[in-house]
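S.K.: Here you go, protein-v8.pdb (PDB, C-alpha atoms):
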```
ATOM      1  CA  MET A 230       1.607  -2.406 -19.902
ATOM      2  CA  GLY A 231      -1.657  -4.287 -19.539
ATOM      3  CA  ASP A 232      -4.205  -4.431 -22.319
ATOM      4  CA  GLN A 233      -6.105  -1.177 -22.554
ATOM      5  CA  VAL A 234      -9.853  -1.367 -23.101
ATOM      6  CA  THR A 235     -11.378   0.735 -25.862
ATOM      7  CA  VAL A 236     -14.523   2.421 -24.604
ATOM      8  CA  ASP A 237     -17.439   3.037 -26.941
ATOM      9  CA  SER A 238     -19.964   5.621 -25.810
ATOM     10  CA  LYS A 239     -22.666   3.193 -26.986
ATOM     11  CA  ASP A 240     -21.806   1.113 -23.900
ATOM     12  CA  ASP A 241     -23.889   3.601 -21.927
ATOM     13  CA  PRO A 242     -26.185   5.458 -24.340
ATOM     14  CA  THR A 243     -28.137   7.301 -21.656
ATOM     15  CA  SER A 244     -25.151   9.177 -20.207
ATOM     16  CA  THR A 245     -21.683  10.528 -20.883
ATOM     17  CA  ARG A 246     -20.059   7.722 -18.905
ATOM     18  CA  GLY A 247     -18.336   6.054 -21.857
ATOM     19  CA  PRO A 248     -16.478   9.158 -23.092
ATOM     20  CA  ARG A 249     -15.766  10.218 -19.478
ATOM     21  CA  VAL A 250     -14.145   6.882 -18.659
ATOM     22  CA  ALA A 251     -12.124   6.952 -21.887
ATOM     23  CA  ALA A 252     -10.888  10.464 -21.110
ATOM     24  CA  ALA A 253      -9.955   9.457 -17.557
ATOM     25  CA  ARG A 254      -7.959   6.459 -18.787
ATOM     26  CA  ALA A 255      -5.999   8.687 -21.133
ATOM     27  CA  ALA A 256      -5.387  11.355 -18.489
ATOM     28  CA  LEU A 257      -4.402   9.120 -15.570
ATOM     29  CA  GLY A 258      -1.946   6.926 -17.414
ATOM     30  CA  PRO A 259      -0.988   3.476 -16.148
ATOM     31  CA  VAL A 260       0.796   4.441 -12.911
ATOM     32  CA  GLY A 261       0.438   7.199 -10.319
ATOM     33  CA  VAL A 262       1.526   7.819  -6.746
ATOM     34  CA  VAL A 263      -0.326   8.349  -3.489
ATOM     35  CA  LEU A 264       1.207  11.228  -1.578
ATOM     36  CA  PRO A 265       2.845  10.116   1.691
ATOM     37  CA  VAL A 266       0.620  10.008   4.759
ATOM     38  CA  SER A 267       2.057  11.422   7.970
ATOM     39  CA  PHE A 268       0.795  10.495  11.449
ATOM     40  CA  THR A 269       2.436  13.463  13.132
ATOM     41  CA  GLY A 270       0.791  16.326  11.241
ATOM     42  CA  GLN A 271       0.639  17.750   7.756
ATOM     43  CA  PRO A 272       3.837  19.092   6.159
ATOM     44  CA  ALA A 273       3.908  22.778   5.304
ATOM     45  CA  VAL A 274       1.920  23.680   2.189
ATOM     46  CA  SER A 275       5.130  24.884   0.566
ATOM     47  CA  ALA A 276       6.671  21.422   1.059
ATOM     48  CA  GLN A 277       3.603  19.754  -0.412
ATOM     49  CA  ARG A 278       3.678  22.026  -3.452
ATOM     50  CA  ALA A 279       7.369  21.267  -3.927
ATOM     51  CA  ALA A 280       6.641  17.527  -3.626
ATOM     52  CA  VAL A 281       4.084  17.409  -6.435
ATOM     53  CA  VAL A 282       6.317  19.528  -8.658
ATOM     54  CA  GLN A 283       9.138  17.043  -7.991
ATOM     55  CA  LEU A 284       6.900  14.078  -8.810
ATOM     56  CA  GLU A 285       5.594  15.710 -11.968
ATOM     57  CA  GLN A 286       9.127  16.476 -13.119
ATOM     58  CA  ALA A 287      10.120  12.875 -12.351
ATOM     59  CA  GLY A 288       7.587  11.757 -14.940
ATOM     60  CA  TYR A 289       4.435  10.864 -13.027
ATOM     61  CA  ARG A 290       1.181  11.940 -14.646
ATOM     62  CA  THR A 291      -1.057  11.438 -11.608
ATOM     63  CA  ALA A 292      -0.916  11.893  -7.844
ATOM     64  CA  TRP A 293      -3.540  10.993  -5.250
ATOM     65  CA  THR A 294      -4.310  12.481  -1.841
ATOM     66  CA  ASN A 295      -6.126  11.046   1.165
ATOM     67  CA  GLU A 296      -8.567  12.641   3.588
ATOM     68  CA  VAL A 297      -8.657  12.834   7.369
ATOM     69  CA  VAL A 298     -12.146  13.566   8.695
ATOM     70  CA  GLY A 299     -11.861  16.729  10.743
ATOM     71  CA  GLY A 300      -8.167  17.146   9.975
ATOM     72  CA  LYS A 301      -7.593  17.351   6.233
ATOM     73  CA  ASP A 302      -9.908  18.232   3.369
ATOM     74  CA  ALA A 303      -8.967  16.190   0.302
ATOM     75  CA  LEU A 304     -10.614  18.557  -2.176
ATOM     76  CA  VAL A 305      -8.960  21.665  -0.731
ATOM     77  CA  HIS A 306      -5.674  19.762  -0.812
ATOM     78  CA  ALA A 307      -6.246  18.765  -4.444
ATOM     79  CA  SER A 308      -6.970  22.380  -5.353
ATOM     80  CA  ILE A 309      -3.702  23.554  -3.805
ATOM     81  CA  LEU A 310      -1.673  20.901  -5.597
ATOM     82  CA  LEU A 311      -3.402  21.363  -8.954
ATOM     83  CA  GLY A 312      -2.490  25.036  -8.788
ATOM     84  CA  ALA A 313       1.145  24.178  -8.113
ATOM     85  CA  THR A 314       1.552  21.899 -11.157
ATOM     86  CA  ARG A 315       1.156  22.287 -14.906
ATOM     87  CA  HIS A 316      -0.264  19.001 -16.131
ATOM     88  CA  LEU A 317      -0.475  16.645 -13.136
ATOM     89  CA  VAL A 318      -3.822  14.912 -12.599
ATOM     90  CA  LEU A 319      -4.996  14.872  -8.946
ATOM     91  CA  GLY A 320      -7.284  12.231  -7.506
ATOM     92  CA  THR A 321      -8.791  11.686  -4.066
ATOM     93  CA  SER A 322      -8.087   8.320  -2.483
ATOM     94  CA  ILE A 323     -10.469   8.751  -0.975
ATOM     95  CA  ALA A 324     -12.863  11.636  -0.279
ATOM     96  CA  ASN A 325     -14.768  10.457   2.798
ATOM     97  CA  ILE A 326     -18.551  10.778   2.687
ATOM     98  CA  TRP A 327     -18.653  11.851   6.346
ATOM     99  CA  ALA A 328     -16.602  14.988   5.682
ATOM    100  CA  ARG A 329     -19.286  16.935   3.778
ATOM    101  CA  SER A 330     -22.793  16.713   2.365
ATOM    102  CA  PRO A 331     -23.335  14.876  -0.942
ATOM    103  CA  GLN A 332     -24.342  18.034  -2.802
ATOM    104  CA  THR A 333     -21.325  19.922  -1.475
ATOM    105  CA  LEU A 334     -19.019  17.099  -2.536
ATOM    106  CA  HIS A 335     -20.415  17.141  -6.062
ATOM    107  CA  ALA A 336     -20.291  20.935  -6.311
ATOM    108  CA  ALA A 337     -16.671  21.048  -5.115
ATOM    109  CA  ALA A 338     -15.599  18.275  -7.494
ATOM    110  CA  ALA A 339     -17.372  19.901 -10.435
ATOM    111  CA  GLN A 340     -15.757  23.247  -9.629
ATOM    112  CA  LEU A 341     -12.309  21.644  -9.609
ATOM    113  CA  ALA A 342     -13.110  19.956 -12.929
ATOM    114  CA  GLU A 343     -14.157  23.300 -14.369
ATOM    115  CA  ALA A 344     -11.012  25.044 -13.127
ATOM    116  CA  TYR A 345      -8.657  22.232 -14.186
ATOM    117  CA  PRO A 346     -10.265  20.418 -17.143
ATOM    118  CA  GLY A 347      -9.285  16.773 -17.366
ATOM    119  CA  ARG A 348      -7.078  16.952 -14.274
ATOM    120  CA  PHE A 349      -9.325  15.843 -11.413
ATOM    121  CA  VAL A 350     -10.709  12.432 -10.429
ATOM    122  CA  LEU A 351     -13.011  11.953  -7.461
ATOM    123  CA  GLY A 352     -12.517   8.763  -5.493
ATOM    124  CA  VAL A 353     -15.235   8.526  -2.836
ATOM    125  CA  GLY A 354     -15.840   6.006  -0.077
ATOM    126  CA  VAL A 355     -17.824   5.225   3.050
ATOM    127  CA  GLY A 356     -14.801   4.875   5.333
ATOM    128  CA  TYR A 357     -15.117   3.393   8.830
ATOM    129  CA  PRO A 358     -17.559   3.613  11.774
ATOM    130  CA  ASP A 359     -15.233   5.779  13.875
ATOM    131  CA  GLN A 360     -15.187   8.389  11.088
ATOM    132  CA  ALA A 361     -18.977   8.570  11.105
ATOM    133  CA  ALA A 362     -18.958   8.812  14.898
ATOM    134  CA  ALA A 363     -16.442  11.668  14.728
ATOM    135  CA  VAL A 364     -19.069  13.855  13.041
ATOM    136  CA  GLY A 365     -21.993  12.605  15.122
ATOM    137  CA  ARG A 366     -23.475  10.326  12.442
ATOM    138  CA  ALA A 367     -24.623   6.720  12.481
ATOM    139  CA  TYR A 368     -22.574   4.492  10.182
ATOM    140  CA  GLY A 369     -25.425   2.133   9.355
ATOM    141  CA  SER A 370     -25.115  -0.241   6.432
ATOM    142  CA  PRO A 371     -22.055   0.792   4.387
ATOM    143  CA  LEU A 372     -23.683  -0.259   1.128
ATOM    144  CA  ALA A 373     -26.995   1.499   1.764
ATOM    145  CA  THR A 374     -25.252   4.579   3.136
ATOM    146  CA  LEU A 375     -22.998   4.969   0.128
ATOM    147  CA  ARG A 376     -25.841   4.249  -2.295
ATOM    148  CA  ASP A 377     -27.860   7.055  -0.721
ATOM    149  CA  HIS A 378     -24.873   9.410  -0.759
ATOM    150  CA  LEU A 379     -24.120   8.807  -4.431
ATOM    151  CA  GLY A 380     -27.775   9.300  -5.303
ATOM    152  CA  ARG A 381     -27.923  12.614  -3.468
ATOM    153  CA  MET A 382     -24.757  13.977  -5.056
ATOM    154  CA  ASP A 383     -26.619  14.964  -8.201
ATOM    155  CA  ALA A 384     -29.687  16.381  -6.469
ATOM    156  CA  PRO A 385     -30.578  19.919  -7.651
ATOM    157  CA  THR A 386     -29.209  22.845  -5.656
ATOM    158  CA  GLN A 387     -29.824  26.577  -5.675
ATOM    159  CA  PRO A 388     -27.828  27.990  -7.309
ATOM    160  CA  PRO A 389     -27.053  24.956  -9.481
ATOM    161  CA  ALA A 390     -23.644  23.301  -9.161
ATOM    162  CA  PRO A 391     -21.255  23.627 -12.118
ATOM    163  CA  GLU A 392     -21.934  21.170 -14.917
ATOM    164  CA  ALA A 393     -18.271  20.338 -15.558
ATOM    165  CA  PRO A 394     -17.936  16.536 -15.801
ATOM    166  CA  TYR A 395     -15.439  14.595 -13.715
ATOM    167  CA  PRO A 396     -14.793  10.860 -13.216
ATOM    168  CA  ARG A 397     -16.372   9.496 -10.032
ATOM    169  CA  ILE A 398     -15.060   6.180  -8.689
ATOM    170  CA  VAL A 399     -15.867   4.237  -5.541
ATOM    171  CA  ALA A 400     -13.535   2.705  -2.957
ATOM    172  CA  ALA A 401     -14.474  -0.958  -3.263
ATOM    173  CA  ASN A 402     -12.634  -3.753  -1.432
ATOM    174  CA  GLY A 403     -15.502  -6.211  -1.554
ATOM    175  CA  PRO A 404     -17.917  -7.737  -4.057
ATOM    176  CA  ARG A 405     -21.005  -5.731  -3.086
ATOM    177  CA  MET A 406     -19.155  -2.429  -3.239
ATOM    178  CA  LEU A 407     -17.773  -3.415  -6.635
ATOM    179  CA  ALA A 408     -21.298  -4.092  -7.858
ATOM    180  CA  LEU A 409     -22.426  -0.706  -6.517
ATOM    181  CA  ALA A 410     -19.488   0.976  -8.248
ATOM    182  CA  ALA A 411     -20.449  -0.638 -11.540
ATOM    183  CA  GLU A 412     -24.051   0.465 -11.125
ATOM    184  CA  LEU A 413     -23.732   4.040  -9.897
ATOM    185  CA  SER A 414     -20.264   5.356 -10.748
ATOM    186  CA  ASP A 415     -17.583   5.467 -13.394
ATOM    187  CA  GLY A 416     -15.547   2.734 -11.740
ATOM    188  CA  ALA A 417     -13.821   1.447  -8.631
ATOM    189  CA  LEU A 418     -10.743   2.038  -6.514
ATOM    190  CA  PRO A 419      -9.772  -1.013  -4.444
ATOM    191  CA  ALA A 420      -6.599  -0.620  -2.386
ATOM    192  CA  GLY A 421      -4.071  -2.987  -0.878
ATOM    193  CA  MET A 422      -5.508  -5.978  -2.709
ATOM    194  CA  PRO A 423      -3.614  -8.646  -4.690
ATOM    195  CA  GLU A 424      -3.681  -8.986  -8.466
ATOM    196  CA  ALA A 425      -6.223 -11.808  -8.181
ATOM    197  CA  TYR A 426      -8.660  -9.247  -6.810
ATOM    198  CA  THR A 427      -7.840  -6.905  -9.680
ATOM    199  CA  ALA A 428      -8.843  -9.625 -12.148
ATOM    200  CA  TYR A 429     -12.016 -10.282 -10.156
ATOM    201  CA  ALA A 430     -12.852  -6.575 -10.017
ATOM    202  CA  ARG A 431     -12.502  -6.243 -13.773
ATOM    203  CA  LYS A 432     -14.968  -9.102 -14.271
ATOM    204  CA  VAL A 433     -17.488  -7.459 -11.943
ATOM    205  CA  LEU A 434     -17.080  -3.980 -13.438
ATOM    206  CA  GLY A 435     -17.031  -5.092 -17.044
ATOM    207  CA  PRO A 436     -14.988  -3.411 -19.777
ATOM    208  CA  ASP A 437     -16.598   0.038 -19.685
ATOM    209  CA  ARG A 438     -15.731   1.096 -16.130
ATOM    210  CA  LEU A 439     -12.522   2.615 -14.806
ATOM    211  CA  LEU A 440     -10.455   0.387 -12.521
ATOM    212  CA  ALA A 441      -7.759   2.097 -10.456
ATOM    213  CA  VAL A 442      -6.010  -0.123  -7.896
ATOM    214  CA  GLY A 443      -3.852   0.810  -4.931
ATOM    215  CA  LEU A 444      -0.617  -1.207  -4.766
ATOM    216  CA  SER A 445       1.163  -1.193  -1.403
ATOM    217  CA  VAL A 446       4.896  -0.736  -1.971
ATOM    218  CA  VAL A 447       8.091  -0.907   0.089
ATOM    219  CA  PRO A 448      10.962   0.154  -2.178
ATOM    220  CA  GLY A 449      14.506  -0.563  -1.067
ATOM    221  CA  ASP A 450      17.726  -2.404  -1.810
ATOM    222  CA  ASP A 451      17.952  -4.492   1.384
ATOM    223  CA  PRO A 452      15.834  -7.661   0.904
ATOM    224  CA  GLU A 453      15.517  -8.392   4.616
ATOM    225  CA  GLN A 454      14.494  -4.846   5.526
ATOM    226  CA  THR A 455      11.983  -4.484   2.716
ATOM    227  CA  ARG A 456      10.385  -7.861   3.436
ATOM    228  CA  ALA A 457      10.124  -7.028   7.147
ATOM    229  CA  ALA A 458       8.445  -3.718   6.349
ATOM    230  CA  ALA A 459       6.205  -5.417   3.799
ATOM    231  CA  ARG A 460       5.174  -7.960   6.436
ATOM    232  CA  GLN A 461       4.159  -5.108   8.741
ATOM    233  CA  MET A 462       1.995  -3.609   5.991
ATOM    234  CA  ALA A 463       0.447  -6.989   5.170
ATOM    235  CA  THR A 464      -0.287  -7.635   8.849
ATOM    236  CA  ALA A 465      -2.041  -4.272   9.124
ATOM    237  CA  LEU A 466      -4.179  -5.093   6.098
ATOM    238  CA  LEU A 467      -5.093  -8.559   7.377
ATOM    239  CA  SER A 468      -6.069  -7.163  10.789
ATOM    240  CA  ARG A 469      -9.286  -5.948   9.136
ATOM    241  CA  PRO A 470     -11.686  -8.919   9.231
ATOM    242  CA  SER A 471     -13.398  -7.960   5.974
ATOM    243  CA  TYR A 472     -10.061  -7.756   4.192
ATOM    244  CA  ALA A 473      -8.886 -11.088   5.580
ATOM    245  CA  ALA A 474     -12.156 -12.671   4.442
ATOM    246  CA  VAL A 475     -11.679 -11.439   0.875
ATOM    247  CA  ALA A 476      -8.076 -12.710   0.860
ATOM    248  CA  ALA A 477      -9.281 -16.137   1.988
ATOM    249  CA  LYS A 478     -12.018 -16.254  -0.675
ATOM    250  CA  LEU A 479      -9.420 -15.454  -3.316
ATOM    251  CA  GLY A 480      -7.489 -18.524  -2.195
ATOM    252  CA  LEU A 481      -4.309 -16.617  -1.423
ATOM    253  CA  PRO A 482      -1.595 -18.849   0.054
ATOM    254  CA  GLY A 483      -1.626 -18.607   3.822
ATOM    255  CA  ALA A 484      -4.699 -16.367   3.922
ATOM    256  CA  GLY A 485      -6.485 -18.661   6.354
ATOM    257  CA  ALA A 486      -3.598 -18.740   8.811
ATOM    258  CA  ASP A 487      -2.847 -16.357  11.680
ATOM    259  CA  PRO A 488      -3.304 -12.828  10.237
ATOM    260  CA  ALA A 489      -0.738 -11.535  12.721
ATOM    261  CA  ALA A 490       1.964 -13.746  11.194
ATOM    262  CA  PRO A 491       1.517 -13.870   7.390
ATOM    263  CA  ASP A 492       3.933 -16.150   5.561
ATOM    264  CA  ASP A 493       6.263 -14.952   2.807
ATOM    265  CA  ALA A 494       3.955 -15.999  -0.024
ATOM    266  CA  LEU A 495       1.061 -13.984   1.409
ATOM    267  CA  VAL A 496       3.278 -10.965   2.068
ATOM    268  CA  ASP A 497       4.516 -11.098  -1.531
ATOM    269  CA  ALA A 498       0.933 -11.281  -2.835
ATOM    270  CA  LEU A 499      -0.162  -8.214  -0.877
ATOM    271  CA  VAL A 500       2.831  -5.867  -0.880
ATOM    272  CA  ALA A 501       5.349  -5.133  -3.646
ATOM    273  CA  HIS A 502       8.802  -4.804  -2.119
ATOM    274  CA  GLY A 503      12.375  -4.545  -3.316
ATOM    275  CA  GLY A 504      14.145  -2.543  -5.984
ATOM    276  CA  PRO A 505      12.537  -0.416  -8.705
ATOM    277  CA  ASP A 506      12.329  -3.333 -11.130
ATOM    278  CA  ALA A 507      10.380  -5.396  -8.583
ATOM    279  CA  ILE A 508       7.920  -2.559  -8.011
ATOM    280  CA  ALA A 509       7.502  -2.055 -11.770
ATOM    281  CA  ALA A 510       6.921  -5.778 -12.280
ATOM    282  CA  ALA A 511       4.160  -5.798  -9.658
ATOM    283  CA  ALA A 512       2.476  -2.817 -11.324
ATOM    284  CA  ARG A 513       2.624  -4.604 -14.670
ATOM    285  CA  ARG A 514       0.920  -7.662 -13.181
ATOM    286  CA  HIS A 515      -2.021  -5.566 -11.995
ATOM    287  CA  LEU A 516      -2.284  -3.877 -15.383
ATOM    288  CA  ALA A 517      -2.237  -7.262 -17.076
ATOM    289  CA  ALA A 518      -4.969  -8.440 -14.691
ATOM    290  CA  GLY A 519      -7.270  -5.658 -15.870
ATOM    291  CA  ALA A 520      -6.347  -2.449 -14.046
ATOM    292  CA  ASP A 521      -6.422   0.793 -15.996
ATOM    293  CA  HIS A 522      -4.276   2.600 -13.445
ATOM    294  CA  VAL A 523      -2.092   1.552 -10.504
ATOM    295  CA  LEU A 524      -1.600   3.839  -7.491
ATOM    296  CA  LEU A 525       1.656   3.254  -5.615
ATOM    297  CA  LEU A 526       0.860   3.331  -1.885
ATOM    298  CA  PRO A 527       3.945   4.101   0.242
ATOM    299  CA  GLN A 528       4.308   3.044   3.854
ATOM    300  CA  PRO A 529       2.201   5.224   6.172
ATOM    301  CA  GLY A 530       4.160   7.298   8.643
ATOM    302  CA  GLU A 531       7.371   7.714   6.643
ATOM    303  CA  GLU A 532       9.145  11.061   6.768
ATOM    304  CA  TYR A 533       7.443  13.125   4.071
ATOM    305  CA  ALA A 534      10.370  14.443   2.046
ATOM    306  CA  ALA A 535      12.224  11.125   2.150
ATOM    307  CA  ALA A 536       9.136   9.241   0.985
ATOM    308  CA  VAL A 537       8.665  11.672  -1.914
ATOM    309  CA  ASP A 538      12.325  11.225  -2.887
ATOM    310  CA  THR A 539      11.835   7.444  -2.880
ATOM    311  CA  LEU A 540       8.760   7.686  -5.110
ATOM    312  CA  ALA A 541      10.558  10.020  -7.496
ATOM    313  CA  ALA A 542      13.491   7.608  -7.707
ATOM    314  CA  LEU A 543      11.126   4.841  -8.867
ATOM    315  CA  ALA A 544      10.012   6.837 -11.905
ATOM    316  CA  PRO A 545      12.759   5.717 -14.343
ATOM    317  CA  ALA A 546      11.864   2.038 -13.818
ATOM    318  CA  LEU A 547       8.247   2.916 -14.599
ATOM    319  CA  ALA A 548       9.071   5.004 -17.659
ATOM    320  CA  ASP A 549       7.673   2.489 -20.121
ATOM    321  CA  LEU A 550       4.445   2.445 -18.117
ATOM    322  CA  THR A 551       4.056   6.145 -17.431
TER     323      THR A 551
END
```
Produce structure tokens that represent the structure in this file.
M.R.:
Amino acid sequence: MGDQVTVDSKDDPTSTRGPRVAAARAALGPVGVVLPVSFTGQPAVSAQRAAVVQLEQAGYRTAWTNEVVGGKDALVHASILLGATRHLVLGTSIANIWARSPQTLHAAAAQLAEAYPGRFVLGVGVGYPDQAAAVGRAYGSPLATLRDHLGRMDAPTQPPAPEAPYPRIVAANGPRMLALAAELSDGALPAGMPEAYTAYARKVLGPDRLLAVGLSVVPGDDPEQTRAAARQMATALLSRPSYAAVAAKLGLPGAGADPAAPDDALVDALVAHGGPDAIAAAARRHLAAGADHVLLLPQPGEEYAAAVDTLAALAPALADLT
């Protein structure tokens, strides 16, 4: 396990951020799982309830759920899954700002925190231009847009929103978003980035912010198959120009080459692949680099039940982390 940072509330004397971050670190634990993402439709609610029960029984303390603008509400989903489990913490990775107004997002998150004390974490992010367009909004400057959204989340409403505290972290895969996360939230949630970025993010955030990182994983016993699948995931990541630029600035081997044909060293830096011990080792490296919590990100589009079984089977190798 990586070194854990002791948070003193004096780090932020004008707010409850210090104690809130400390409580979130304790609740999340070092490793959690992102629930599988299907491209063909959502599994039945009963199957999703059964999945989180299975993952909780396997030993995971935290699960995360995504959002699809117009197709899946992450906070409703979190509510359903919190009600199905006894102790599991649920996080959003991420709640998209285009899906609801800032005040509604805060009110919903606070209500979940009130109903399930210590079991909800809000990850929020600006998403992509097509998601803004889907709801008839202009994307604008991502940084300015998210800054405005975070500022409006705590605006007064009538009747007032619940006062239950919850950790609020920002999806941040670049330096300016990291700086915004440090300024206006409890921490950051970069995803699909190498451990060098984790170390960089910790420096930007400082010791008193929560750092949860998404680790892309391809578990399996066949080295050729897992590397091939990992290369597909790495290629998808590098197809985003902003992501490729960050990888190049970090000096990752092969990052300046053709993003459609990443070499083995670059694939290994971006995606953990192989048996349970290999996945656990990659998680440990991110924790050692400064992460408080690592989210295991399975391959998008896998069959839901099979992907959940695979994640559950990883739990014993992560036992000393979880």
S.K.: Here is a test: counting only C-alpha atoms, which residue of A:Gly347, A:Pro389, A:Pro491, A:Gly403 is nearest to A:Ala255?
M.R.: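 Ranked by minimum distance to A:Ala255, first place goes to A:Gly347.
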S.K.: Atom CA of A:Ala486 and atom CA of A:Leu467 are how many Å apart?
M.R.: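 Spanning atom CA of A:Ala486 to atom CA of A:Leu467 is a straight-line distance of 10.4 Å.
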S.K.: Hey, what comes out of the PyMOL selection byres ((chain A and resi 257-273) around 7) on this file? Could you write it as a count of residues only?
M.R.: 29
S.K.: Applied to this file, what does the PyMOL selection byres ((chain A and resi 376) around 10) return in terms of residues, put as a PyMOL selection string?
M.R.: chain A and resi 355+370-375+377-381+406+409-410+412-413
S.K.: Mind giving me the straight-line distance from atom CA of A:Asn295 to atom CA of A:Trp327 in Å, one decimal?
M.R.: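 Computed distance, atom CA of A:Asn295 to atom CA of A:Trp327, equals 13.6 Å.
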S.K.: Would you work out the distance separating atom CA of A:Pro391 from atom CA of A:Tyr345, expressed in Å to one decimal?
M.R.: 12.8 Å
S.K.: Would you please work out which residue, of A:Ala408, A:Ala336, A:Asp415, A:Val282, is nearest to A:Pro388 when using all atoms listed in the file?
M.R.: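 Residue with the minimum atom-to-atom distance to A:Pro388: A:Ala336.
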S.K.: Pull out every residue that the PyMOL selection byres ((chain A and resi 361-363) around 10) matches in the shown coordinates and put them as a VMD selection string.
M.R.: chain A and resid 298 to 299 325 to 328 355 to 360 364 to 369
S.K.: Can you pull out every residue within 10 Å of A:Asp538, counting all atoms listed in the file, but drop anything in the same chain fewer than 6 positions away, and send it as a ChimeraX atom specification?
M.R.: /A:280,283-284,287
S.K.: Name the residues, using the chain letters and numbers of the file, that sit within 12 Å of (0.2, -3.1, -14.9) when counting only C-alpha atoms, and give them as a tab-separated table (two decimals) with C-alpha atoms, in the frame of the given file.
M.R.:
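Written output follows (selection.tsv):
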```tsv
chain	number	residue	atom	x	y	z
A	230	MET	CA	1.61	-2.41	-19.90
A	231	GLY	CA	-1.66	-4.29	-19.54
A	232	ASP	CA	-4.20	-4.43	-22.32
A	233	GLN	CA	-6.10	-1.18	-22.55
A	258	GLY	CA	-1.95	6.93	-17.41
A	259	PRO	CA	-0.99	3.48	-16.15
A	260	VAL	CA	0.80	4.44	-12.91
A	261	GLY	CA	0.44	7.20	-10.32
A	424	GLU	CA	-3.68	-8.99	-8.47
A	427	THR	CA	-7.84	-6.90	-9.68
A	428	ALA	CA	-8.84	-9.62	-12.15
A	440	LEU	CA	-10.46	0.39	-12.52
A	441	ALA	CA	-7.76	2.10	-10.46
A	442	VAL	CA	-6.01	-0.12	-7.90
A	443	GLY	CA	-3.85	0.81	-4.93
A	444	LEU	CA	-0.62	-1.21	-4.77
A	508	ILE	CA	7.92	-2.56	-8.01
A	509	ALA	CA	7.50	-2.06	-11.77
A	510	ALA	CA	6.92	-5.78	-12.28
A	511	ALA	CA	4.16	-5.80	-9.66
A	512	ALA	CA	2.48	-2.82	-11.32
A	513	ARG	CA	2.62	-4.60	-14.67
A	514	ARG	CA	0.92	-7.66	-13.18
A	515	HIS	CA	-2.02	-5.57	-12.00
A	516	LEU	CA	-2.28	-3.88	-15.38
A	517	ALA	CA	-2.24	-7.26	-17.08
A	518	ALA	CA	-4.97	-8.44	-14.69
A	519	GLY	CA	-7.27	-5.66	-15.87
A	520	ALA	CA	-6.35	-2.45	-14.05
A	521	ASP	CA	-6.42	0.79	-16.00
A	522	HIS	CA	-4.28	2.60	-13.44
A	523	VAL	CA	-2.09	1.55	-10.50
A	524	LEU	CA	-1.60	3.84	-7.49
A	525	LEU	CA	1.66	3.25	-5.62
A	547	LEU	CA	8.25	2.92	-14.60
A	549	ASP	CA	7.67	2.49	-20.12
A	550	LEU	CA	4.44	2.44	-18.12
A	551	THR	CA	4.06	6.14	-17.43
```
S.K.: Which centre and edge lengths in Å to one decimal define the box along x, y and z that fits every listed atom of stretch 325-342 of chain A plus 5 Å per side, as lines of an AutoDock Vina configuration file?
M.R.:
```
center_x = -18.3
center_y = 16.9
center_z = -3.3
size_x = 22.0
size_y = 22.8
size_z = 29.3
```
S.K.: Show which residues sit within 10 Å of stretch 474-478 of chain A, as an MDAnalysis selection string. Count all atoms listed in the file, and ignore same-chain residues fewer than 4 positions away.
M.R.: chainID A and resid 402:404 422:423 425:426 467 469:470 482:486 495 498:499
S.K.: Just want the 12 Å neighbourhood of A:Gln454, counted on only C-alpha atoms, with same-chain residues fewer than 6 positions away dropped. Output as a list of chain:residue names.
M.R.: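 Near A:Gln454, the qualifying residues are A:Val447, A:Pro448, A:Arg460, A:Gln461, A:His502, A:Gly503, A:Gly504.
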